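Chemist: There's a structure below that I have some questions on.
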Amino acid sequence: MYGDQETVRKILTELGDTWAVVGLSANRDRAAYGVAAVLQRFGKRVVPIHPKAETVHGEQGYPSLSAVPFKVDVVDVFVNSGLAGQVADEAVAAGAAAVWFQLGVVDEAAYERTRAAGLDMVMDRCPAIEIPRLG
């Protein structure tokens, strides 16, 4: 398990409400679309990060984390494991407080680098599953 329940709770309740969702597009069939909707229902601002830079769920999209003109608190990663480490490194560079790798996204070296840089991190879990459990 990459991220104990205390870390999950901290990311979801204490580290800020602006979430960059990497891989979020207007494609309703993708998991990122539904997860982003759940995050919004729980009061999170969802910032789509995707090469298409589409507006999703009423929020303007950006082609990369570095293109976002304001601070994001949490970077939620929906790219495959081979690309996820680079996104985690970009999250560190962007000054995010935490990184969240979705279910099936695992990069142990990125986890170690991100934690060593002082960020909280959860890997191979889904915030849309975890946030309703907080009560």
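Naming scheme: A, B, ... for chains in displayed order of the structure tokens; residues 1 onward per chain; ligands 1 onward as shown.
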Extract, using only C-alpha atoms, all DNA, RNA and protein residues at most 8 Å from A:Val38, discarding same-chain residues fewer than 4 positions from it, and format them as JSON, numbers by chain.
Modeler: {"A": [34, 42, 128]}
Chemist: Please produce an output containing C-alpha atoms for each residue in the selection, written as a compact mmCIF listing (two decimals), in the first residue's frame.
Modeler:
```
# COMPACT_ATOMS: atom_id res chain seq x y z
CA GLY A 34 -16.00 10.59 -13.62
CA PHE A 42 -16.84 17.19 -2.69
CA ALA A 128 -13.32 9.12 -5.75
```
Chemist: Using the chain letters and numbers from this document, which residues of stretch 35-126 of chain A does DSSP assign to strand (DSSP E or B), as number ranges by chain?
Modeler: A: 45-49, 56, 59, 62, 74-77, 98-101, 120-123
Chemist: List the neighbours of A:Val8 out to 9 Å using only C-alpha atoms; skip same-chain residues closer than 5 positions along the sequence, and give me the result as a PyMOL selection string.
Modeler: chain A and resi 3+13+120-122+127+130-131
Chemist: Taking only residues of stretch 48-117 of chain A that have an atom at most 12 Å from an atom of stretch 26-29 of chain A, what is each one's shortest atom pair and its distance in Å to one decimal, using only C-alpha atoms, in chain and number order, as CSV?
Modeler:
```
residue,atom,partner,partner_atom,distance
A:Pro48,CA,A:Ala26,CA,9.1
A:Ile49,CA,A:Ala26,CA,11.0
A:His50,CA,A:Ala26,CA,9.8
A:Pro51,CA,A:Ala26,CA,11.8
A:Lys52,CA,A:Ala26,CA,9.3
A:Ala53,CA,A:Ala26,CA,9.5
A:Glu54,CA,A:Ala26,CA,6.6
A:Thr55,CA,A:Ala26,CA,7.2
A:Val56,CA,A:Ala26,CA,5.5
A:His57,CA,A:Ala26,CA,8.2
A:Gly58,CA,A:Ala26,CA,10.4
A:Glu59,CA,A:Ala26,CA,10.8
A:Gln60,CA,A:Ala26,CA,11.1
A:Gly61,CA,A:Ala26,CA,9.8
```
Chemist: Can you tell me which residues surround stretch 65-69 of chain A at a distance of at most 9 Å, considering only C-alpha atoms, apart from same-chain residues fewer than 4 positions away, and format the answer as a PyMOL selection string?
Modeler: chain A and resi 20+22+47+49+61+75+87+90-91+93-94
Chemist: Let's have the selection written as a PDB file, in the first residue's frame, with N, CA, C and O atoms.
Modeler:
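As a result, result30.pdb now contains:
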```
ATOM      1  N   ALA A  20      -5.095  19.476  -9.866  1.00  0.00           N
ATOM      2  CA  ALA A  20      -4.794  19.324 -11.285  1.00  0.00           C
ATOM      3  C   ALA A  20      -4.965  17.845 -11.616  1.00  0.00           C
ATOM      4  O   ALA A  20      -4.360  16.989 -10.965  1.00  0.00           O
ATOM      5  N   VAL A  22      -4.251  15.253 -14.286  1.00  0.00           N
ATOM      6  CA  VAL A  22      -3.448  15.019 -15.478  1.00  0.00           C
ATOM      7  C   VAL A  22      -4.034  13.835 -16.247  1.00  0.00           C
ATOM      8  O   VAL A  22      -4.137  12.737 -15.711  1.00  0.00           O
ATOM      9  N   VAL A  47      -8.702  21.072 -12.202  1.00  0.00           N
ATOM     10  CA  VAL A  47      -8.031  21.734 -13.314  1.00  0.00           C
ATOM     11  C   VAL A  47      -7.594  20.655 -14.310  1.00  0.00           C
ATOM     12  O   VAL A  47      -6.707  19.859 -14.003  1.00  0.00           O
ATOM     13  N   ILE A  49      -5.629  18.802 -17.093  1.00  0.00           N
ATOM     14  CA  ILE A  49      -4.309  18.867 -17.718  1.00  0.00           C
ATOM     15  C   ILE A  49      -4.288  17.800 -18.810  1.00  0.00           C
ATOM     16  O   ILE A  49      -4.367  16.601 -18.517  1.00  0.00           O
ATOM     17  N   GLY A  61      -8.956  24.015 -19.316  1.00  0.00           N
ATOM     18  CA  GLY A  61      -7.870  23.061 -19.329  1.00  0.00           C
ATOM     19  C   GLY A  61      -6.557  23.694 -19.741  1.00  0.00           C
ATOM     20  O   GLY A  61      -6.533  24.784 -20.336  1.00  0.00           O
ATOM     21  N   VAL A  75      -1.773  17.034  -7.382  1.00  0.00           N
ATOM     22  CA  VAL A  75      -1.721  16.593  -8.774  1.00  0.00           C
ATOM     23  C   VAL A  75      -2.187  15.144  -8.809  1.00  0.00           C
ATOM     24  O   VAL A  75      -1.552  14.261  -8.232  1.00  0.00           O
ATOM     25  N   VAL A  87       5.456  13.145 -14.538  1.00  0.00           N
ATOM     26  CA  VAL A  87       4.407  14.027 -14.014  1.00  0.00           C
ATOM     27  C   VAL A  87       4.663  14.334 -12.539  1.00  0.00           C
ATOM     28  O   VAL A  87       4.502  15.473 -12.094  1.00  0.00           O
ATOM     29  N   GLU A  90       7.224  16.945 -12.340  1.00  0.00           N
ATOM     30  CA  GLU A  90       6.642  18.240 -12.702  1.00  0.00           C
ATOM     31  C   GLU A  90       5.815  18.805 -11.545  1.00  0.00           C
ATOM     32  O   GLU A  90       5.810  20.019 -11.315  1.00  0.00           O
ATOM     33  N   ALA A  91       5.133  17.936 -10.802  1.00  0.00           N
ATOM     34  CA  ALA A  91       4.353  18.378  -9.645  1.00  0.00           C
ATOM     35  C   ALA A  91       5.262  18.969  -8.579  1.00  0.00           C
ATOM     36  O   ALA A  91       4.934  19.995  -7.969  1.00  0.00           O
ATOM     37  N   ALA A  93       8.200  20.350  -9.147  1.00  0.00           N
ATOM     38  CA  ALA A  93       8.678  21.619  -9.697  1.00  0.00           C
ATOM     39  C   ALA A  93       7.613  22.712  -9.632  1.00  0.00           C
ATOM     40  O   ALA A  93       7.933  23.890  -9.454  1.00  0.00           O
ATOM     41  N   ALA A  94       6.340  22.318  -9.742  1.00  0.00           N
ATOM     42  CA  ALA A  94       5.241  23.288  -9.724  1.00  0.00           C
ATOM     43  C   ALA A  94       4.873  23.737  -8.312  1.00  0.00           C
ATOM     44  O   ALA A  94       4.048  24.634  -8.142  1.00  0.00           O
TER      45      ALA A  94
END
```
Chemist: Quick one: everything within 9 Å of A:Phe101, counting only C-alpha atoms, minus sequence neighbours fewer than 4 positions away in the same chain. Send it as an NGL selection string.
Modeler: :A and (75-79 or 81 or 84 or 88 or 105-107 or 121-126)
Chemist: Can you write just those residues out, N, CA, C and O atoms, as a PDB file, in the first residue's frame?
Modeler:
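Saved to result-v4.pdb:
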```
ATOM      1  N   VAL A  75      -1.773  17.034  -7.382  1.00  0.00           N
ATOM      2  CA  VAL A  75      -1.721  16.593  -8.774  1.00  0.00           C
ATOM      3  C   VAL A  75      -2.187  15.144  -8.809  1.00  0.00           C
ATOM      4  O   VAL A  75      -1.552  14.261  -8.232  1.00  0.00           O
ATOM      5  N   ASP A  76      -3.326  14.924  -9.461  1.00  0.00           N
ATOM      6  CA  ASP A  76      -3.948  13.607  -9.598  1.00  0.00           C
ATOM      7  C   ASP A  76      -3.570  13.072 -10.977  1.00  0.00           C
ATOM      8  O   ASP A  76      -3.848  13.717 -11.988  1.00  0.00           O
ATOM      9  N   VAL A  77      -2.943  11.907 -11.024  1.00  0.00           N
ATOM     10  CA  VAL A  77      -2.292  11.430 -12.240  1.00  0.00           C
ATOM     11  C   VAL A  77      -3.041  10.241 -12.850  1.00  0.00           C
ATOM     12  O   VAL A  77      -3.124   9.179 -12.247  1.00  0.00           O
ATOM     13  N   PHE A  78      -3.548  10.456 -14.068  1.00  0.00           N
ATOM     14  CA  PHE A  78      -4.267   9.439 -14.829  1.00  0.00           C
ATOM     15  C   PHE A  78      -3.501   8.980 -16.057  1.00  0.00           C
ATOM     16  O   PHE A  78      -4.112   8.544 -17.017  1.00  0.00           O
ATOM     17  N   VAL A  79      -2.194   9.119 -16.079  1.00  0.00           N
ATOM     18  CA  VAL A  79      -1.405   8.619 -17.211  1.00  0.00           C
ATOM     19  C   VAL A  79      -0.826   7.259 -16.842  1.00  0.00           C
ATOM     20  O   VAL A  79      -0.812   6.880 -15.671  1.00  0.00           O
ATOM     21  N   SER A  81       1.789   4.199 -16.066  1.00  0.00           N
ATOM     22  CA  SER A  81       2.910   4.172 -15.123  1.00  0.00           C
ATOM     23  C   SER A  81       4.227   4.615 -15.744  1.00  0.00           C
ATOM     24  O   SER A  81       5.055   5.225 -15.070  1.00  0.00           O
ATOM     25  N   ALA A  84       4.135   8.409 -15.545  1.00  0.00           N
ATOM     26  CA  ALA A  84       3.727   9.002 -14.271  1.00  0.00           C
ATOM     27  C   ALA A  84       4.883   9.650 -13.508  1.00  0.00           C
ATOM     28  O   ALA A  84       4.704  10.682 -12.869  1.00  0.00           O
ATOM     29  N   ALA A  88       5.074  13.336 -11.781  1.00  0.00           N
ATOM     30  CA  ALA A  88       5.388  13.568 -10.368  1.00  0.00           C
ATOM     31  C   ALA A  88       6.512  14.585 -10.224  1.00  0.00           C
ATOM     32  O   ALA A  88       6.452  15.481  -9.374  1.00  0.00           O
ATOM     33  N   VAL A 105      -1.677   2.892 -11.425  1.00  0.00           N
ATOM     34  CA  VAL A 105      -0.521   3.720 -11.753  1.00  0.00           C
ATOM     35  C   VAL A 105       0.502   3.548 -10.627  1.00  0.00           C
ATOM     36  O   VAL A 105       0.264   3.996  -9.503  1.00  0.00           O
ATOM     37  N   VAL A 106       1.610   2.884 -10.952  1.00  0.00           N
ATOM     38  CA  VAL A 106       2.626   2.570  -9.951  1.00  0.00           C
ATOM     39  C   VAL A 106       4.012   2.874 -10.525  1.00  0.00           C
ATOM     40  O   VAL A 106       4.348   2.432 -11.616  1.00  0.00           O
ATOM     41  N   ASP A 107       4.772   3.650  -9.775  1.00  0.00           N
ATOM     42  CA  ASP A 107       6.172   3.929 -10.100  1.00  0.00           C
ATOM     43  C   ASP A 107       6.867   4.151  -8.760  1.00  0.00           C
ATOM     44  O   ASP A 107       6.815   5.242  -8.191  1.00  0.00           O
ATOM     45  N   MET A 121       2.211  11.682  -0.807  1.00  0.00           N
ATOM     46  CA  MET A 121       1.881  10.946  -2.022  1.00  0.00           C
ATOM     47  C   MET A 121       1.106   9.693  -1.704  1.00  0.00           C
ATOM     48  O   MET A 121       1.364   9.012  -0.712  1.00  0.00           O
ATOM     49  N   VAL A 122       0.154   9.418  -2.587  1.00  0.00           N
ATOM     50  CA  VAL A 122      -0.615   8.183  -2.563  1.00  0.00           C
ATOM     51  C   VAL A 122      -0.501   7.588  -3.956  1.00  0.00           C
ATOM     52  O   VAL A 122      -0.498   8.316  -4.950  1.00  0.00           O
ATOM     53  N   MET A 123      -0.399   6.266  -4.022  1.00  0.00           N
ATOM     54  CA  MET A 123      -0.223   5.606  -5.312  1.00  0.00           C
ATOM     55  C   MET A 123      -1.116   4.377  -5.368  1.00  0.00           C
ATOM     56  O   MET A 123      -1.303   3.678  -4.362  1.00  0.00           O
ATOM     57  N   ASP A 124      -1.691   4.138  -6.557  1.00  0.00           N
ATOM     58  CA  ASP A 124      -2.516   2.963  -6.812  1.00  0.00           C
ATOM     59  C   ASP A 124      -3.806   2.975  -5.984  1.00  0.00           C
ATOM     60  O   ASP A 124      -4.258   1.950  -5.499  1.00  0.00           O
ATOM     61  N   ARG A 125      -4.379   4.181  -5.837  1.00  0.00           N
ATOM     62  CA  ARG A 125      -5.666   4.336  -5.145  1.00  0.00           C
ATOM     63  C   ARG A 125      -6.468   5.402  -5.872  1.00  0.00           C
ATOM     64  O   ARG A 125      -5.929   6.151  -6.679  1.00  0.00           O
ATOM     65  N   CYS A 126      -7.752   5.473  -5.569  1.00  0.00           N
ATOM     66  CA  CYS A 126      -8.621   6.424  -6.254  1.00  0.00           C
ATOM     67  C   CYS A 126      -9.296   7.362  -5.256  1.00  0.00           C
ATOM     68  O   CYS A 126      -9.980   6.896  -4.344  1.00  0.00           O
TER      69      CYS A 126
END
```
Chemist: Mind listing the alpha helix (DSSP H) residues of stretch 11-120 of chain A, per DSSP on the backbone, as a PyMOL selection string?
Modeler: chain A and resi 11-13+31-41+81-94+108-116
Chemist: Could you tell me how far atom CA of A:Ala98 lies from atom CA of A:Gly43, in Å and to one decimal?
Modeler: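 Value for the atom CA of A:Ala98-atom CA of A:Gly43 distance: 17.2 Å.
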Chemist: Just to confirm, what's the straight-line distance from atom CA of A:Glu14 to atom CA of A:Asn80 in Å (one decimal)?
Modeler: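 Interatomic distance, atom CA of A:Glu14 to atom CA of A:Asn80: 27.0 Å.
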Chemist: Let me make sure I understand: among A:Ala109, A:Val21, A:Ala36, A:Leu12, which one has the smallest atom-to-atom distance to A:Gly85 if we use only C-alpha atoms?
Modeler: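 Using only C-alpha atoms, the shortest distance to A:Gly85 belongs to A:Ala109.
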Chemist: So how far away is atom CA of A:Asp4 from atom CA of A:Ala96, in Å?
Modeler: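 Spanning atom CA of A:Ala96 to atom CA of A:Asp4 is a straight-line distance of 19.3 Å.
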